[in-house]
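Shown next: data20.cif, given as mmCIF, C-alpha atoms.
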```
data_entry
#
loop_
_atom_site.group_PDB
_atom_site.id
_atom_site.type_symbol
_atom_site.label_atom_id
_atom_site.label_comp_id
_atom_site.auth_asym_id
_atom_site.auth_seq_id
_atom_site.Cartn_x
_atom_site.Cartn_y
_atom_site.Cartn_z
ATOM 1 C CA MET A 884 -29.333 -32.809 -1.797
ATOM 2 C CA ALA A 885 -27.667 -31.563 1.390
ATOM 3 C CA GLU A 886 -26.680 -27.900 1.512
ATOM 4 C CA ILE A 887 -22.911 -27.454 1.914
ATOM 5 C CA MET A 888 -22.003 -24.700 4.384
ATOM 6 C CA VAL A 889 -18.209 -25.074 4.348
ATOM 7 C CA LYS A 890 -16.127 -26.530 1.541
ATOM 8 C CA ALA A 891 -12.358 -26.525 1.970
ATOM 9 C CA GLU A 892 -10.143 -27.854 -0.813
ATOM 10 C CA HIS A 893 -6.380 -28.429 -0.648
ATOM 11 C CA ILE A 894 -5.746 -25.657 1.909
ATOM 12 C CA GLU A 895 -2.078 -25.009 2.650
ATOM 13 C CA LYS A 896 -0.373 -22.682 5.106
ATOM 14 C CA SER A 897 3.237 -22.100 6.135
ATOM 15 C CA PHE A 898 4.860 -19.833 8.683
ATOM 16 C CA GLY A 899 8.307 -19.213 7.262
ATOM 17 C CA SER A 900 9.775 -22.599 6.386
ATOM 18 C CA THR A 901 7.344 -24.464 8.657
ATOM 19 C CA GLU A 902 4.409 -26.092 6.901
ATOM 20 C CA VAL A 903 1.436 -25.869 9.271
ATOM 21 C CA LEU A 904 -1.373 -27.082 6.973
ATOM 22 C CA LYS A 905 -0.804 -29.542 4.138
ATOM 23 C CA ASP A 906 -3.514 -30.285 1.585
ATOM 24 C CA ILE A 907 -6.531 -29.945 3.922
ATOM 25 C CA SER A 908 -9.919 -30.765 2.335
ATOM 26 C CA PHE A 909 -13.336 -31.349 3.912
ATOM 27 C CA THR A 910 -17.000 -30.379 3.611
ATOM 28 C CA LEU A 911 -19.600 -29.521 6.255
ATOM 29 C CA GLU A 912 -23.327 -29.801 5.625
ATOM 30 C CA LYS A 913 -25.987 -27.475 7.029
ATOM 31 C CA GLY A 914 -27.154 -28.420 10.525
ATOM 32 C CA LYS A 915 -24.207 -30.755 11.117
ATOM 33 C CA VAL A 916 -21.447 -30.674 13.730
ATOM 34 C CA LEU A 917 -17.822 -31.325 12.797
ATOM 35 C CA SER A 918 -15.282 -31.961 15.541
ATOM 36 C CA ILE A 919 -11.549 -31.586 14.914
ATOM 37 C CA ILE A 920 -9.166 -33.349 17.282
ATOM 38 C CA GLY A 921 -5.425 -33.829 17.403
ATOM 39 C CA PRO A 922 -2.310 -33.062 19.445
ATOM 40 C CA SER A 923 -1.028 -29.546 20.091
ATOM 41 C CA GLY A 924 0.690 -28.155 17.019
ATOM 42 C CA SER A 925 -1.302 -30.312 14.603
ATOM 43 C CA GLY A 926 -2.753 -27.266 12.798
ATOM 44 C CA LYS A 927 -6.311 -27.391 14.206
ATOM 45 C CA SER A 928 -6.469 -23.799 15.424
ATOM 46 C CA THR A 929 -4.661 -22.454 12.353
ATOM 47 C CA LEU A 930 -7.272 -24.120 10.149
ATOM 48 C CA LEU A 931 -10.044 -22.473 12.167
ATOM 49 C CA ARG A 932 -8.297 -19.085 11.962
ATOM 50 C CA ILE A 933 -8.052 -19.387 8.180
ATOM 51 C CA ILE A 934 -11.731 -20.267 7.834
ATOM 52 C CA THR A 935 -12.718 -17.305 10.032
ATOM 53 C CA GLN A 936 -10.221 -14.975 8.301
ATOM 54 C CA LEU A 937 -7.885 -14.344 11.223
ATOM 55 C CA GLU A 938 -5.144 -15.876 9.062
ATOM 56 C CA THR A 939 -4.677 -16.065 5.303
ATOM 57 C CA ALA A 940 -4.070 -19.301 3.410
ATOM 58 C CA ASP A 941 -1.156 -19.781 1.034
ATOM 59 C CA GLY A 942 -2.958 -22.206 -1.268
ATOM 60 C CA GLY A 943 -6.254 -23.980 -1.861
ATOM 61 C CA SER A 944 -9.837 -22.772 -1.949
ATOM 62 C CA LEU A 945 -12.614 -22.131 0.567
ATOM 63 C CA THR A 946 -16.346 -21.651 0.114
ATOM 64 C CA ILE A 947 -18.716 -20.464 2.866
ATOM 65 C CA ASP A 948 -22.440 -21.032 2.320
ATOM 66 C CA GLY A 949 -21.917 -21.209 -1.437
ATOM 67 C CA ASP A 950 -19.761 -18.084 -1.654
ATOM 68 C CA PRO A 951 -16.061 -18.465 -2.546
ATOM 69 C CA LEU A 952 -13.783 -16.712 -0.057
ATOM 70 C CA PHE A 953 -10.580 -17.590 -1.870
ATOM 71 C CA LYS A 954 -9.663 -19.941 -4.671
ATOM 72 C CA SER A 955 -6.525 -21.480 -6.065
ATOM 73 C CA GLU A 956 -4.940 -19.719 -8.995
ATOM 74 C CA GLY A 957 -1.462 -20.657 -10.138
ATOM 75 C CA GLY A 958 -0.928 -22.646 -6.952
ATOM 76 C CA LYS A 959 -1.732 -19.677 -4.692
ATOM 77 C CA ALA A 960 -4.819 -18.687 -2.702
ATOM 78 C CA VAL A 961 -6.438 -15.650 -4.335
ATOM 79 C CA TYR A 962 -8.943 -13.817 -2.139
ATOM 80 C CA ILE A 963 -12.091 -11.892 -3.034
ATOM 81 C CA SER A 964 -12.328 -8.170 -2.204
ATOM 82 C CA PRO A 965 -12.456 -7.059 1.446
ATOM 83 C CA LYS A 966 -16.002 -5.738 0.962
ATOM 84 C CA GLU A 967 -17.235 -9.062 -0.408
ATOM 85 C CA MET A 968 -15.346 -10.907 2.324
ATOM 86 C CA HIS A 969 -17.008 -8.845 5.053
ATOM 87 C CA SER A 970 -20.520 -9.812 3.959
ATOM 88 C CA ILE A 971 -19.576 -13.506 3.822
ATOM 89 C CA MET A 972 -17.901 -13.475 7.233
ATOM 90 C CA LEU A 973 -21.094 -12.118 8.804
ATOM 91 C CA LYS A 974 -22.393 -15.660 8.312
ATOM 92 C CA THR A 975 -19.813 -16.997 10.771
ATOM 93 C CA GLY A 976 -19.198 -16.689 14.497
ATOM 94 C CA LEU A 977 -16.082 -17.655 16.461
ATOM 95 C CA VAL A 978 -15.772 -18.501 20.154
ATOM 96 C CA PHE A 979 -12.188 -18.272 21.400
ATOM 97 C CA GLN A 980 -10.575 -20.356 24.116
ATOM 98 C CA SER A 981 -9.476 -17.197 25.957
ATOM 99 C CA PHE A 982 -12.918 -15.479 25.978
ATOM 100 C CA ASN A 983 -11.660 -12.181 24.392
ATOM 101 C CA LEU A 984 -14.200 -10.050 26.262
ATOM 102 C CA PHE A 985 -13.662 -6.297 26.686
ATOM 103 C CA PRO A 986 -12.760 -5.949 30.400
ATOM 104 C CA HIS A 987 -14.033 -2.363 30.653
ATOM 105 C CA PHE A 988 -17.465 -3.195 29.152
ATOM 106 C CA THR A 989 -20.362 -4.753 31.021
ATOM 107 C CA VAL A 990 -21.708 -8.084 29.828
ATOM 108 C CA MET A 991 -24.574 -6.264 28.110
ATOM 109 C CA ARG A 992 -22.243 -3.906 26.268
ATOM 110 C CA ASN A 993 -19.917 -6.762 25.303
ATOM 111 C CA ILE A 994 -22.901 -8.423 23.645
ATOM 112 C CA THR A 995 -24.479 -5.347 22.053
ATOM 113 C CA GLU A 996 -21.410 -3.494 20.759
ATOM 114 C CA ALA A 997 -20.866 -5.547 17.583
ATOM 115 C CA GLN A 998 -24.589 -5.730 16.872
ATOM 116 C CA ARG A 999 -24.736 -1.952 16.743
ATOM 117 C CA ALA A 1000 -21.416 -1.404 14.934
ATOM 118 C CA VAL A 1001 -21.615 -4.234 12.403
ATOM 119 C CA LEU A 1002 -25.327 -4.984 11.980
ATOM 120 C CA SER A 1003 -26.467 -1.358 12.516
ATOM 121 C CA ARG A 1004 -29.076 -2.397 15.066
ATOM 122 C CA SER A 1005 -30.488 0.256 17.360
ATOM 123 C CA LYS A 1006 -29.595 0.190 21.065
ATOM 124 C CA GLU A 1007 -33.056 -1.183 21.830
ATOM 125 C CA GLU A 1008 -32.878 -3.892 19.148
ATOM 126 C CA ALA A 1009 -29.411 -4.952 20.242
ATOM 127 C CA GLU A 1010 -30.389 -5.143 23.888
ATOM 128 C CA GLU A 1011 -33.564 -7.073 23.091
ATOM 129 C CA ARG A 1012 -31.563 -9.685 21.182
ATOM 130 C CA ALA A 1013 -28.932 -9.767 23.955
ATOM 131 C CA ILE A 1014 -31.593 -10.404 26.605
ATOM 132 C CA GLU A 1015 -33.000 -13.316 24.573
ATOM 133 C CA VAL A 1016 -29.608 -15.000 24.354
ATOM 134 C CA LEU A 1017 -28.570 -14.209 27.934
ATOM 135 C CA LYS A 1018 -31.738 -15.974 29.073
ATOM 136 C CA GLU A 1019 -30.717 -19.016 27.008
ATOM 137 C CA MET A 1020 -27.279 -18.926 28.650
ATOM 138 C CA ASN A 1021 -28.840 -18.517 32.127
ATOM 139 C CA LEU A 1022 -26.890 -15.284 32.532
ATOM 140 C CA LEU A 1023 -29.504 -12.546 32.482
ATOM 141 C CA ASP A 1024 -28.684 -11.653 36.085
ATOM 142 C CA LYS A 1025 -25.100 -10.890 34.966
ATOM 143 C CA ALA A 1026 -26.034 -8.315 32.302
ATOM 144 C CA ASP A 1027 -24.622 -5.394 34.330
ATOM 145 C CA SER A 1028 -21.552 -7.276 35.592
ATOM 146 C CA TYR A 1029 -18.020 -6.845 34.267
ATOM 147 C CA PRO A 1030 -15.896 -9.779 33.053
ATOM 148 C CA SER A 1031 -13.699 -9.588 36.177
ATOM 149 C CA GLN A 1032 -16.786 -10.405 38.254
ATOM 150 C CA LEU A 1033 -17.530 -13.624 36.333
ATOM 151 C CA SER A 1034 -16.257 -17.179 36.618
ATOM 152 C CA GLY A 1035 -14.435 -18.723 33.665
ATOM 153 C CA GLY A 1036 -17.518 -20.684 32.685
ATOM 154 C CA GLN A 1037 -19.668 -17.563 32.785
ATOM 155 C CA LYS A 1038 -17.135 -15.654 30.664
ATOM 156 C CA GLN A 1039 -17.187 -18.419 28.062
ATOM 157 C CA ARG A 1040 -20.990 -18.458 28.002
ATOM 158 C CA VAL A 1041 -20.928 -14.667 27.488
ATOM 159 C CA SER A 1042 -18.519 -15.279 24.575
ATOM 160 C CA ILE A 1043 -20.970 -17.783 23.086
ATOM 161 C CA ALA A 1044 -23.824 -15.319 23.590
ATOM 162 C CA ARG A 1045 -21.808 -12.581 21.867
ATOM 163 C CA ALA A 1046 -21.364 -14.838 18.842
ATOM 164 C CA LEU A 1047 -25.005 -15.962 18.781
ATOM 165 C CA VAL A 1048 -26.546 -12.471 18.834
ATOM 166 C CA MET A 1049 -24.938 -11.842 15.441
ATOM 167 C CA ASP A 1050 -27.184 -14.638 14.073
ATOM 168 C CA PRO A 1051 -24.412 -16.567 12.311
ATOM 169 C CA LYS A 1052 -25.159 -19.488 10.033
ATOM 170 C CA ILE A 1053 -22.029 -21.326 11.204
ATOM 171 C CA LEU A 1054 -20.448 -21.257 14.656
ATOM 172 C CA PHE A 1055 -16.784 -22.111 15.246
ATOM 173 C CA PHE A 1056 -15.317 -23.076 18.624
ATOM 174 C CA ASP A 1057 -11.565 -23.090 19.264
ATOM 175 C CA GLU A 1058 -10.901 -25.254 22.351
ATOM 176 C CA PRO A 1059 -13.782 -23.583 24.226
ATOM 177 C CA THR A 1060 -13.089 -25.391 27.517
ATOM 178 C CA SER A 1061 -9.283 -25.461 27.619
ATOM 179 C CA ALA A 1062 -9.080 -22.735 30.291
ATOM 180 C CA LEU A 1063 -11.816 -24.200 32.524
ATOM 181 C CA ASP A 1064 -11.941 -26.660 35.401
ATOM 182 C CA PRO A 1065 -14.102 -29.816 35.035
ATOM 183 C CA GLU A 1066 -17.279 -28.368 36.563
ATOM 184 C CA LEU A 1067 -17.183 -25.213 34.425
ATOM 185 C CA THR A 1068 -16.298 -27.349 31.413
ATOM 186 C CA ARG A 1069 -19.538 -29.295 31.866
ATOM 187 C CA GLN A 1070 -21.535 -26.036 31.916
ATOM 188 C CA VAL A 1071 -20.067 -24.833 28.635
ATOM 189 C CA LEU A 1072 -20.326 -28.225 26.924
ATOM 190 C CA SER A 1073 -24.009 -28.443 27.858
ATOM 191 C CA VAL A 1074 -24.597 -25.095 26.119
ATOM 192 C CA ILE A 1075 -22.847 -26.293 22.955
ATOM 193 C CA LYS A 1076 -24.794 -29.557 23.029
ATOM 194 C CA ALA A 1077 -28.066 -27.623 23.303
ATOM 195 C CA LEU A 1078 -27.068 -25.628 20.208
ATOM 196 C CA SER A 1079 -26.388 -28.847 18.298
ATOM 197 C CA GLU A 1080 -29.857 -30.091 19.197
ATOM 198 C CA ARG A 1081 -31.225 -26.951 17.503
ATOM 199 C CA ASP A 1082 -29.367 -27.964 14.311
ATOM 200 C CA MET A 1083 -26.806 -25.190 14.546
ATOM 201 C CA THR A 1084 -24.027 -25.798 12.021
ATOM 202 C CA MET A 1085 -20.810 -25.967 14.042
ATOM 203 C CA VAL A 1086 -17.105 -26.745 13.869
ATOM 204 C CA VAL A 1087 -15.614 -27.607 17.260
ATOM 205 C CA VAL A 1088 -11.868 -27.901 17.867
ATOM 206 C CA THR A 1089 -11.656 -29.722 21.172
ATOM 207 C CA HIS A 1090 -9.649 -32.029 23.416
ATOM 208 C CA GLU A 1091 -12.825 -33.338 25.058
ATOM 209 C CA MET A 1092 -12.970 -36.748 23.375
ATOM 210 C CA ASN A 1093 -16.214 -38.045 24.906
ATOM 211 C CA PHE A 1094 -17.956 -34.774 24.137
ATOM 212 C CA ALA A 1095 -16.704 -34.758 20.549
ATOM 213 C CA ARG A 1096 -17.911 -38.312 20.105
ATOM 214 C CA SER A 1097 -21.384 -37.540 21.473
ATOM 215 C CA ILE A 1098 -22.009 -34.238 19.700
ATOM 216 C CA SER A 1099 -20.482 -34.743 16.246
ATOM 217 C CA ASP A 1100 -21.876 -35.903 12.949
ATOM 218 C CA TRP A 1101 -18.351 -36.125 11.513
ATOM 219 C CA ALA A 1102 -14.899 -36.045 13.089
ATOM 220 C CA ILE A 1103 -11.402 -35.275 11.830
ATOM 221 C CA PHE A 1104 -8.095 -36.273 13.434
ATOM 222 C CA MET A 1105 -5.171 -34.029 12.486
ATOM 223 C CA GLU A 1106 -1.452 -34.344 13.083
ATOM 224 C CA ASN A 1107 1.551 -32.471 11.670
ATOM 225 C CA GLY A 1108 -0.693 -30.387 9.417
ATOM 226 C CA TYR A 1109 -2.422 -33.355 7.781
ATOM 227 C CA ILE A 1110 -5.827 -34.954 8.123
ATOM 228 C CA VAL A 1111 -4.709 -38.403 9.240
ATOM 229 C CA GLU A 1112 -8.207 -39.868 9.454
ATOM 230 C CA GLU A 1113 -11.831 -38.767 9.341
ATOM 231 C CA GLY A 1114 -15.204 -40.408 9.625
ATOM 232 C CA GLU A 1115 -18.358 -40.855 11.642
ATOM 233 C CA PRO A 1116 -17.578 -40.378 15.356
ATOM 234 C CA GLU A 1117 -18.547 -43.912 16.379
ATOM 235 C CA VAL A 1118 -15.984 -45.239 13.910
ATOM 236 C CA LEU A 1119 -13.239 -42.650 14.446
ATOM 237 C CA PHE A 1120 -13.413 -42.815 18.240
ATOM 238 C CA GLY A 1121 -14.520 -46.434 18.586
ATOM 239 C CA ASN A 1122 -12.626 -48.264 15.858
ATOM 240 C CA PRO A 1123 -10.111 -46.019 14.082
ATOM 241 C CA LYS A 1124 -8.200 -47.461 11.139
ATOM 242 C CA GLU A 1125 -4.930 -45.571 11.531
ATOM 243 C CA GLU A 1126 -2.476 -46.584 14.266
ATOM 244 C CA ARG A 1127 -1.693 -42.937 15.076
ATOM 245 C CA THR A 1128 -5.389 -42.185 15.613
ATOM 246 C CA LYS A 1129 -5.699 -45.221 17.883
ATOM 247 C CA ALA A 1130 -2.697 -44.138 19.934
ATOM 248 C CA PHE A 1131 -3.991 -40.591 20.332
ATOM 249 C CA ILE A 1132 -7.494 -41.597 21.414
ATOM 250 C CA THR A 1133 -6.159 -44.318 23.735
ATOM 251 C CA SER A 1134 -3.971 -41.735 25.489
ATOM 252 C CA PHE A 1135 -7.126 -39.959 26.672
ATOM 253 C CA LYS A 1136 -8.552 -43.158 28.156
ATOM 254 C CA GLU A 1137 -5.533 -43.960 30.287
#
```
Encoded form using structure tokens:
Amino acid sequence: MAEIMVKAEHIEKSFGSTEVLKDISFTLEKGKVLSIIGPSGSGKSTLLRIITQLETADGGSLTIDGDPLFKSEGGKAVYISPKEMHSIMLKTGLVFQSFNLFPHFTVMRNITEAQRAVLSRSKEEAEERAIEVLKEMNLLDKADSYPSQLSGGQKQRVSIARALVMDPKILFFDEPTSALDPELTRQVLSVIKALSERDMTMVVVTHEMNFARSISDWAIFMENGYIVEEGEPEVLFGNPKEERTKAFITSFKE
């Protein structure tokens, strides 16, 4: 039986009177890639922020690698203790669309800081792991550079490296190429594709339709806080059932 890494059930979220997520449920198996597509304001990024604990849910339940993060009680999301939550969230990594690197730290320090603070690795251990991943990202020659000296694509690859050195079981990407031009986009997408070929469990929120189709094992189309349609990528992108899904995907082909 497949190991379930993420199980979301009936997740709901509102900001004031605005419902942002409405009854969101899905599962993600170990070693699989889930892509989430949809127009701006559909709730994609909010869903990712709830899973990675940058936002709190109002209702529903969420399990990460078999451990419940919050569950529904009396129609509300009830969370576990902060200490328990911390140990579960160490299993996840998040790559932001805006890089979120410390501008006053070198690349090496950006990648080693959390290892030392959160994982209690020594300076030598942290740097050894950083060097391994920087080699994978083809960025070892940038270890002593500062973010201001890097291209957008290099900054995003440093962000991916920073997430990977924490050895997460699940990696989340929130529009990782939205700030990049086409050439730099290709560089970053090739890195993510290489990770998928190593059976890294991933959730990718993206507007890159062809990439999502090629990399995913399962795809979700969201709009207005709902999952409108989901399925295998060849079906969702090639022959969607819902008219709204068809219209959205067609708009990217025009």
Once the PyMOL selection byres ((chain A and resi 1100) around 9) has been evaluated on this model, what residues remain selected, and can you format them as an mmCIF file with C-alpha atoms, in the frame of the given file?
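Saved to expr_6.cif:
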```cif
data_model
loop_
_atom_site.group_PDB
_atom_site.id
_atom_site.type_symbol
_atom_site.label_atom_id
_atom_site.label_comp_id
_atom_site.auth_asym_id
_atom_site.auth_seq_id
_atom_site.Cartn_x
_atom_site.Cartn_y
_atom_site.Cartn_z
ATOM 1 C CA LYS A 915 -24.207 -30.755 11.117
ATOM 2 C CA VAL A 916 -21.447 -30.674 13.730
ATOM 3 C CA LEU A 917 -17.822 -31.325 12.797
ATOM 4 C CA SER A 918 -15.282 -31.961 15.541
ATOM 5 C CA ARG A 1096 -17.911 -38.312 20.105
ATOM 6 C CA SER A 1097 -21.384 -37.540 21.473
ATOM 7 C CA ILE A 1098 -22.009 -34.238 19.700
ATOM 8 C CA SER A 1099 -20.482 -34.743 16.246
ATOM 9 C CA TRP A 1101 -18.351 -36.125 11.513
ATOM 10 C CA ALA A 1102 -14.899 -36.045 13.089
ATOM 11 C CA GLY A 1114 -15.204 -40.408 9.625
ATOM 12 C CA GLU A 1115 -18.358 -40.855 11.642
ATOM 13 C CA PRO A 1116 -17.578 -40.378 15.356
#
```
Which residues, named as in the file, does the PyMOL selection byres ((chain A and resi 1093) around 12) pick out? Answer as a list of chain:residue names.
A:Ser918, A:Ile920, A:Arg1069, A:Leu1072, A:Thr1089, A:His1090, A:Glu1091, A:Met1092, A:Phe1094, A:Ala1095, A:Arg1096, A:Ser1097, A:Ile1098, A:Ser1099, A:Pro1116, A:Glu1117, A:Leu1119, A:Phe1120, A:Gly1121, A:Ile1132, A:Thr1133, A:Phe1135, A:Lys1136
Generate a file of the selected residues that holds C-alpha atoms, formatted as a compact mmCIF listing (two decimals), keeping the file's coordinate frame.
```
# COMPACT_ATOMS: atom_id res chain seq x y z
CA SER A 918 -15.28 -31.96 15.54
CA ILE A 920 -9.17 -33.35 17.28
CA ARG A 1069 -19.54 -29.30 31.87
CA LEU A 1072 -20.33 -28.22 26.92
CA THR A 1089 -11.66 -29.72 21.17
CA HIS A 1090 -9.65 -32.03 23.42
CA GLU A 1091 -12.82 -33.34 25.06
CA MET A 1092 -12.97 -36.75 23.38
CA PHE A 1094 -17.96 -34.77 24.14
CA ALA A 1095 -16.70 -34.76 20.55
CA ARG A 1096 -17.91 -38.31 20.10
CA SER A 1097 -21.38 -37.54 21.47
CA ILE A 1098 -22.01 -34.24 19.70
CA SER A 1099 -20.48 -34.74 16.25
CA PRO A 1116 -17.58 -40.38 15.36
CA GLU A 1117 -18.55 -43.91 16.38
CA LEU A 1119 -13.24 -42.65 14.45
CA PHE A 1120 -13.41 -42.82 18.24
CA GLY A 1121 -14.52 -46.43 18.59
CA ILE A 1132 -7.49 -41.60 21.41
CA THR A 1133 -6.16 -44.32 23.74
CA PHE A 1135 -7.13 -39.96 26.67
CA LYS A 1136 -8.55 -43.16 28.16
```
Shell around A:Ser955 at 8 Å using all atoms listed in the file, local window under 5 positions removed, as a PyMOL selection string
chain A and resi 942-944+960-961
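The gap separating atom CA of A:Leu931 from atom CA of A:Ser900 is 20.6 Å, in Å to one decimal.
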I want to know what sits within 7 Å of A:Ile947, based on all atoms listed in the file, with residues of the same chain fewer than 5 positions away left out; could you give that as JSON, numbers by chain?
{"A": [888, 889, 890, 952]}
Can you list what the PyMOL selection byres ((chain A and resi 992) around 10) grabs from this structure, as a PyMOL selection string?
chain A and resi 985+987-991+993-998+1006+1009-1010+1013+1026-1029+1045
Neighbour list for A:Ile934 as a ChimeraX atom specification, cut-off 9 Å, all atoms listed in the file, skip fewer than 4 positions in-chain
/A:889,891,929-930,938-940,945,947,952
Long-range neighbours of A:Met1105 as a ChimeraX atom specification, 8 Å cut-off, all atoms listed in the file, 2 positions minimum in chain
/A:919-922,925-927,1103,1107-1112
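The coordinates place atom CA of A:Phe982 at 22.5 Å from atom CA of A:Glu1011.
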When you count only C-alpha atoms, which of these residues is closest to A:Ala1000: A:Ile933, A:Ala885, A:Ile894, A:Met1049?
A:Met1049
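Separating atom CA of A:Val1088 from atom CA of A:Arg1040 is a distance of 16.6 Å.
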Taking 3 positions as the minimum chain separation for residues in the same chain, which residues sit within 10 Å of A:Lys1038 when counting only C-alpha atoms? Answer as number ranges by chain.
A: 981-984, 990, 1022, 1029-1035, 1041-1044, 1071
From the list A:Glu1106, A:Glu1113, A:Glu1058, A:Glu912, the nearest residue to A:Arg1127 using only C-alpha atoms is A:Glu1106
Just need the box for stretch 990-1007 of chain A, edges along x, y and z, holding every atom the file lists for it with 6 Å tacked onto each side, so centre and edge lengths in Å to one decimal, as lines of an AutoDock Vina configuration file.
```
center_x = -26.5
center_y = -4.1
center_z = 20.9
size_x = 25.1
size_y = 20.7
size_z = 29.8
```
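Among the candidate residues A:Met1020, A:Val903, A:Leu911, A:Ile1014, the one lying nearest to A:Leu1054 is A:Leu911, with distances computed using all atoms listed in the file.
When only C-alpha atoms are used to compute distances to A:Ile971, the closest of the residues A:Ser908, A:Leu1047, A:Ile1053, A:Lys1018 turns out to be A:Ile1053.
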